Amino acid sequence: MGIFSRMNEDIQIVFERDPAARSTLEVILAYPGVHAIWAHRLAHWLWEHNLKLVARLISEFARFATGIEIHPGARIGRRLFIDHGAGVVMGETAEVGDDCLIYQGDTLGGTSLKKEKRHPTLEDHVMVSAGAAVIGPVHIGRGSRIGAGAVVVSSAPPYSTIVGIPGKVIEGESARQDVMALEHAKLPDPVARALNQLVEQINRVTVRMAEVEERQDCLEDKVSEHHPPEQDLPAAKRG
């Protein structure tokens with residue numbers, strides 16, 4: 001695919017995912033996420049052709065201009081949309097698939113000091129909400145959604161929703177749904193869910209115990225009817 005076709009894709013994906021976008025000229029001039037991606041493509045090409053210093057200089061200029069830091073060694077797929085973008089950081093060995101969505105303040109960071117794969121891999125259609133951090137060489141499966149403020153330190157299967165610190169995988173929450181449909185104000189809370197299940201279990205046990213006590217009282221009443229207390233027996237039957 002030619003460079004202008006790729007640039008057109010980057011512009012069109014903005015219209016699909018940002019209702020604030022009004023015109024192509026506005027996207028070209030006023031969207032730092034788009035600028036950062038275009039600068040990264042040039043820097044990455046130079047990096048792959050062993051012009052690493054020039055690539056780093058372009059990367060640093062883009063960081064200064066957009067507030068988005070993408071290492072020229074990172075691999076980014078097609079139609080990535082970086083919404084707002086301020087504070088986004090992607091490390092050298094980070095990999096991002098096609099049709100991903102990344103919000104402001106996100107970090108794709110590393111943990112190792114060795115020259116190895118030390119940054120995350122996001123498969124296609126992954127969304128990372130605002131302020132989230134994905135740390136280390138973890139693998140986030142296709143169609144997954146990472147909630148705002150989550151700190152993800154372990155891999156996740158496809159179509160997962162990941163929330164909390166450390167990030168917890170909620171399987172089945174977003175199975176084969178549109179990852180962009182995540183309502184940030186209604187993120188699933190695994191701790192609250194576990195507590196709710198515990199409360200429900202306690203309520204069921206309480207109801208069951210009440211039923212058992214009621215049956216026991218009925219049984220005691222029947223026994224009392226068939227076996228009256230000794231003081232109620234006729235004198236002839238006592239002794």
# chains A, B, ... in the order shown; residues from 1 in each chain; ligands from 1
$ residues_around --residues "Ala36 in chain A" --least-positions-apart "2" --cutoff "8 Å" --atoms "only C-alpha atoms" --output "PyMOL selection string"
chain A and resi 32-34+38-40+62-63+66+68-70
$ select_by_dssp --residues "range 70-205 of chain A" --states "alpha helix (DSSP H)" --output "ChimeraX atom specification"
/A:190-205
$ residues_around --residues "Ala130 in chain A" --least-positions-apart "5" --cutoff "7 Å" --atoms "only C-alpha atoms" --output "ChimeraX atom specification"
/A:103-106,148-149
$ select_by_dssp --residues "range 9-154 of chain A" --states "strand (DSSP E or B)" --output "PyMOL selection string"
chain A and resi 69-70+75-76+81-82+89-90+95-96+101-102+107-109+121-122+127-128+133-135+139-140+145-146+151-152
$ write_last_selection --atoms "N, CA and C atoms" --output "tab-separated table (two decimals), in the first residue's frame"
chain	number	residue	atom	x	y	z
A	69	GLU	N	5.31	9.85	22.78
A	69	GLU	CA	6.64	9.28	22.57
A	69	GLU	C	6.50	7.86	22.03
A	70	ILE	N	6.91	7.67	20.80
A	70	ILE	CA	6.91	6.34	20.18
A	70	ILE	C	8.34	6.05	19.75
A	75	ARG	N	6.72	-1.36	16.48
A	75	ARG	CA	6.01	-1.76	15.27
A	75	ARG	C	4.52	-1.46	15.44
A	76	ILE	N	4.00	-0.66	14.52
A	76	ILE	CA	2.61	-0.22	14.61
A	76	ILE	C	1.87	-0.64	13.35
A	81	PHE	N	-5.55	4.62	16.06
A	81	PHE	CA	-6.04	5.95	16.43
A	81	PHE	C	-5.58	6.25	17.86
A	82	ILE	N	-4.80	7.31	18.02
A	82	ILE	CA	-4.36	7.76	19.33
A	82	ILE	C	-5.22	8.97	19.68
A	89	VAL	N	3.22	6.67	25.74
A	89	VAL	CA	4.60	6.21	25.58
A	89	VAL	C	4.58	4.77	25.06
A	90	MET	N	5.35	4.50	24.02
A	90	MET	CA	5.50	3.15	23.48
A	90	MET	C	6.99	2.84	23.37
A	95	GLU	N	4.65	-3.75	20.11
A	95	GLU	CA	3.99	-4.09	18.85
A	95	GLU	C	2.50	-3.83	18.98
A	96	VAL	N	1.95	-3.11	18.03
A	96	VAL	CA	0.53	-2.77	18.04
A	96	VAL	C	-0.08	-3.23	16.73
A	101	LEU	N	-7.02	1.21	19.37
A	101	LEU	CA	-7.37	2.53	19.88
A	101	LEU	C	-6.63	2.75	21.19
A	102	ILE	N	-5.90	3.85	21.27
A	102	ILE	CA	-5.11	4.16	22.46
A	102	ILE	C	-5.47	5.57	22.92
A	107	THR	N	0.72	3.78	28.62
A	107	THR	CA	2.13	3.38	28.54
A	107	THR	C	2.23	1.93	28.09
A	108	LEU	N	3.00	1.70	27.06
A	108	LEU	CA	3.39	0.34	26.67
A	108	LEU	C	4.86	0.23	27.05
A	109	GLY	N	5.12	-0.17	28.28
A	109	GLY	CA	6.46	-0.08	28.84
A	109	GLY	C	7.15	-1.41	29.02
A	121	THR	N	2.80	-6.68	23.40
A	121	THR	CA	2.26	-6.89	22.06
A	121	THR	C	0.74	-6.80	22.15
A	122	LEU	N	0.16	-5.89	21.38
A	122	LEU	CA	-1.29	-5.78	21.29
A	122	LEU	C	-1.74	-6.32	19.95
A	127	MET	N	-8.28	-2.08	22.58
A	127	MET	CA	-8.45	-0.72	23.06
A	127	MET	C	-7.80	-0.58	24.44
A	128	VAL	N	-7.02	0.48	24.62
A	128	VAL	CA	-6.37	0.78	25.89
A	128	VAL	C	-6.93	2.11	26.38
A	133	ALA	N	-1.56	1.23	31.88
A	133	ALA	CA	-0.17	0.85	31.62
A	133	ALA	C	-0.12	-0.64	31.36
A	134	VAL	N	0.52	-1.01	30.26
A	134	VAL	CA	0.74	-2.41	29.93
A	134	VAL	C	2.25	-2.61	30.00
A	135	ILE	N	2.69	-3.43	30.93
A	135	ILE	CA	4.11	-3.48	31.28
A	135	ILE	C	4.69	-4.86	30.98
A	139	HIS	N	1.23	-10.36	26.21
A	139	HIS	CA	0.51	-10.49	24.93
A	139	HIS	C	-0.96	-10.28	25.21
A	140	ILE	N	-1.53	-9.25	24.62
A	140	ILE	CA	-2.95	-8.94	24.81
A	140	ILE	C	-3.70	-9.40	23.57
A	145	ARG	N	-10.12	-5.31	25.73
A	145	ARG	CA	-10.34	-3.94	26.17
A	145	ARG	C	-9.71	-3.77	27.54
A	146	ILE	N	-8.89	-2.75	27.68
A	146	ILE	CA	-8.20	-2.47	28.94
A	146	ILE	C	-8.82	-1.22	29.54
A	151	VAL	N	-3.34	-1.52	35.37
A	151	VAL	CA	-1.91	-1.83	35.23
A	151	VAL	C	-1.82	-3.31	34.88
A	152	VAL	N	-1.51	-3.58	33.63
A	152	VAL	CA	-1.53	-4.96	33.10
A	152	VAL	C	-0.11	-5.51	33.10
$ atom_distance --atom1 "CA of Ala55 in chain A" --atom2 "CA of Arg41 in chain A"
9.8 Å
$ atom_distance --atom1 "CA of Gly87 in chain A" --atom2 "CA of Ala150 in chain A"
15.5 Å
$ residues_around --residues "range 156-158 of chain A" --least-positions-apart "2" --cutoff "10 Å" --atoms "only C-alpha atoms" --output "list of chain:residue names"
A:Leu122, A:Glu123, A:Asp124, A:His125, A:Val126, A:Val138, A:His139, A:Ile140, A:Gly141, A:Arg142, A:Gly143, A:Ser144, A:Arg145, A:Val152, A:Val153, A:Ser154, A:Ser160, A:Thr161, A:Ile162, A:Gly167, A:Lys168, A:Val169, A:Ile170, A:Glu171, A:Gly172, A:Ser174, A:Ala175, A:Arg176
$ closest_residue --among "A:Lys115, A:Glu92, A:Asp99, A:Ala43" --to "Glu60 in chain A" --atoms "only C-alpha atoms"
A:Ala43
$ atom_distance --atom1 "CA of Ala30 in chain A" --atom2 "CA of Gly85 in chain A"
12.0 Å
$ closest_residue --among "A:Ser112, A:His71, A:Pro120, A:Met7" --to "Ala94 in chain A" --atoms "only C-alpha atoms"
A:Pro120
